[in-house]
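Written below as structure tokens is the structure these notes are about.
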Amino acid sequence: MKLSDFPDPTLIPVNGVELEVFEAGRENAGNPVVLCHGWPGHASVWRHQVPALVAAGYHVIVPNQRGYGNSSRPADVTAYDIGHLSGDLVALLDHFGYDRAVFVGHDWGASVVWGLALLHPDRVDKVIPSQRPPV
């Protein structure tokens with residue numbers, strides 16, 4: 001997938017901010033996977049994985065975390081703690097009507113999904129952390 005083929009974003013209000021979210025495979029509703037980018041990344045780092053995950057039957061949800069891309073950029077540094085970042089992902093699940101999802105995190109995104117699993121274990125099916133670039 002070329003970057004120009006990456007899904008168009010939608011701004012979704014969650015947890016007191018707006019997240020820029022890229023989505024593919026809505027026809028696979030009921031089988032969500034959320035891909036969380038690393039630092040200083042962007043959701044588009046997952047462009048190579050999105051088509052394969054859709055083909056495998058997943059509803060792929062790829063947010064830019066707060067502070068990245070066109071997502072909100074709160075001024076207060078405490079707005080970026082693990083409670084807020086994991087809360088954004090919980091609110092994103094609520095937006096799409098999902099109780100649970102598979103979460104894949106790269107680099108800083110891995111830290112966020114680990115925190116999510118600790119703070120909100122009832123919302124997590126699986127956590128897949130990765131320190132390798134998803135290229």
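We label chains A, B, ... in the order they appear in the structure tokens, count residues from 1 in each chain, and number ligands from 1 in the order shown.
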
Counting only C-alpha atoms, what is within 12 Å of segment 37-39 of chain A, bar same-chain residues fewer than 5 positions away, as a PyMOL selection string? chain A and resi 21+44-47+61-69+103-113+129-135

I'd like the contact shell of Leu93 of chain A - 10 Å cut-off, only C-alpha atoms, skipping same-chain residues fewer than 6 positions apart - returned as a ChimeraX atom specification. /A:14,32,34,61,87,99-101,123

Would you mind reading off the distance between atom CA of Ser71 of chain A and atom CA of Ala56 of chain A, one decimal, in Å? 28.1 Å

Skip Asn31 of chain A itself and residues of its chain fewer than 4 positions away, then list as a PyMOL selection string all residues within 10 Å of it, counting only C-alpha atoms. chain A and resi 25-27+54+57-60+98+100-102

Serialized selection, N, CA and C atoms, as a PDB file, in the first residue's frame:
```pdb
ATOM      1  N   GLY A  25     -11.587  -1.874   6.650  1.00  0.00           N
ATOM      2  CA  GLY A  25     -12.180  -3.167   6.949  1.00  0.00           C
ATOM      3  C   GLY A  25     -13.450  -3.095   7.775  1.00  0.00           C
ATOM      4  N   ARG A  26     -14.197  -2.024   7.619  1.00  0.00           N
ATOM      5  CA  ARG A  26     -15.439  -1.902   8.387  1.00  0.00           C
ATOM      6  C   ARG A  26     -16.371  -3.088   8.108  1.00  0.00           C
ATOM      7  N   GLU A  27     -16.208  -3.701   6.935  1.00  0.00           N
ATOM      8  CA  GLU A  27     -17.017  -4.885   6.617  1.00  0.00           C
ATOM      9  C   GLU A  27     -16.717  -6.045   7.562  1.00  0.00           C
ATOM     10  N   VAL A  54      -6.948  -6.459   7.096  1.00  0.00           N
ATOM     11  CA  VAL A  54      -8.304  -6.440   6.538  1.00  0.00           C
ATOM     12  C   VAL A  54      -8.577  -7.770   5.834  1.00  0.00           C
ATOM     13  N   GLY A  57      -9.574 -10.500   8.001  1.00  0.00           N
ATOM     14  CA  GLY A  57     -10.881 -10.406   8.639  1.00  0.00           C
ATOM     15  C   GLY A  57     -10.998  -9.433   9.788  1.00  0.00           C
ATOM     16  N   TYR A  58     -10.071  -8.485   9.882  1.00  0.00           N
ATOM     17  CA  TYR A  58     -10.109  -7.504  10.974  1.00  0.00           C
ATOM     18  C   TYR A  58     -10.696  -6.169  10.538  1.00  0.00           C
ATOM     19  N   HIS A  59     -11.365  -5.521  11.469  1.00  0.00           N
ATOM     20  CA  HIS A  59     -11.743  -4.113  11.357  1.00  0.00           C
ATOM     21  C   HIS A  59     -10.566  -3.349  11.950  1.00  0.00           C
ATOM     22  N   VAL A  60      -9.797  -2.700  11.110  1.00  0.00           N
ATOM     23  CA  VAL A  60      -8.538  -2.070  11.508  1.00  0.00           C
ATOM     24  C   VAL A  60      -8.782  -0.606  11.865  1.00  0.00           C
ATOM     25  N   TYR A  98     -17.372  -1.283  20.577  1.00  0.00           N
ATOM     26  CA  TYR A  98     -16.690  -2.528  20.923  1.00  0.00           C
ATOM     27  C   TYR A  98     -16.412  -2.598  22.425  1.00  0.00           C
ATOM     28  N   ARG A 100     -14.194  -5.018  23.534  1.00  0.00           N
ATOM     29  CA  ARG A 100     -12.796  -5.467  23.597  1.00  0.00           C
ATOM     30  C   ARG A 100     -12.188  -5.411  22.201  1.00  0.00           C
ATOM     31  N   ALA A 101     -10.854  -5.422  22.166  1.00  0.00           N
ATOM     32  CA  ALA A 101     -10.142  -5.454  20.887  1.00  0.00           C
ATOM     33  C   ALA A 101      -8.759  -6.048  21.092  1.00  0.00           C
ATOM     34  N   VAL A 102      -8.139  -6.386  19.981  1.00  0.00           N
ATOM     35  CA  VAL A 102      -6.711  -6.707  19.953  1.00  0.00           C
ATOM     36  C   VAL A 102      -5.989  -5.375  19.775  1.00  0.00           C
TER      37      VAL A 102
END
```

DSSP alpha helix (DSSP H) residues within segment 17-131 of chain A, listed as a VMD selection string: chain A and resid 49 to 55 82 to 96 108 to 119

Who sits within 9 Å of Pro13 of chain A, only C-alpha atoms, same chain under 5 positions skipped, as a ChimeraX atom specification: /A:18-19,91-92,95

Write out the residues from the selection above, keeping C-alpha atoms, as a short mmCIF file (atom, residue, chain, number, x, y, z; two decimals), in the first residue's frame.
```
data_model
loop_
_atom_site.label_atom_id
_atom_site.label_comp_id
_atom_site.auth_asym_id
_atom_site.auth_seq_id
_atom_site.Cartn_x
_atom_site.Cartn_y
_atom_site.Cartn_z
CA GLU A 18 -10.16 14.66 19.15
CA LEU A 19 -8.13 11.84 17.64
CA ALA A 91 -13.14 5.83 24.48
CA LEU A 92 -12.23 4.88 20.91
CA HIS A 95 -17.08 5.13 19.85
#
```
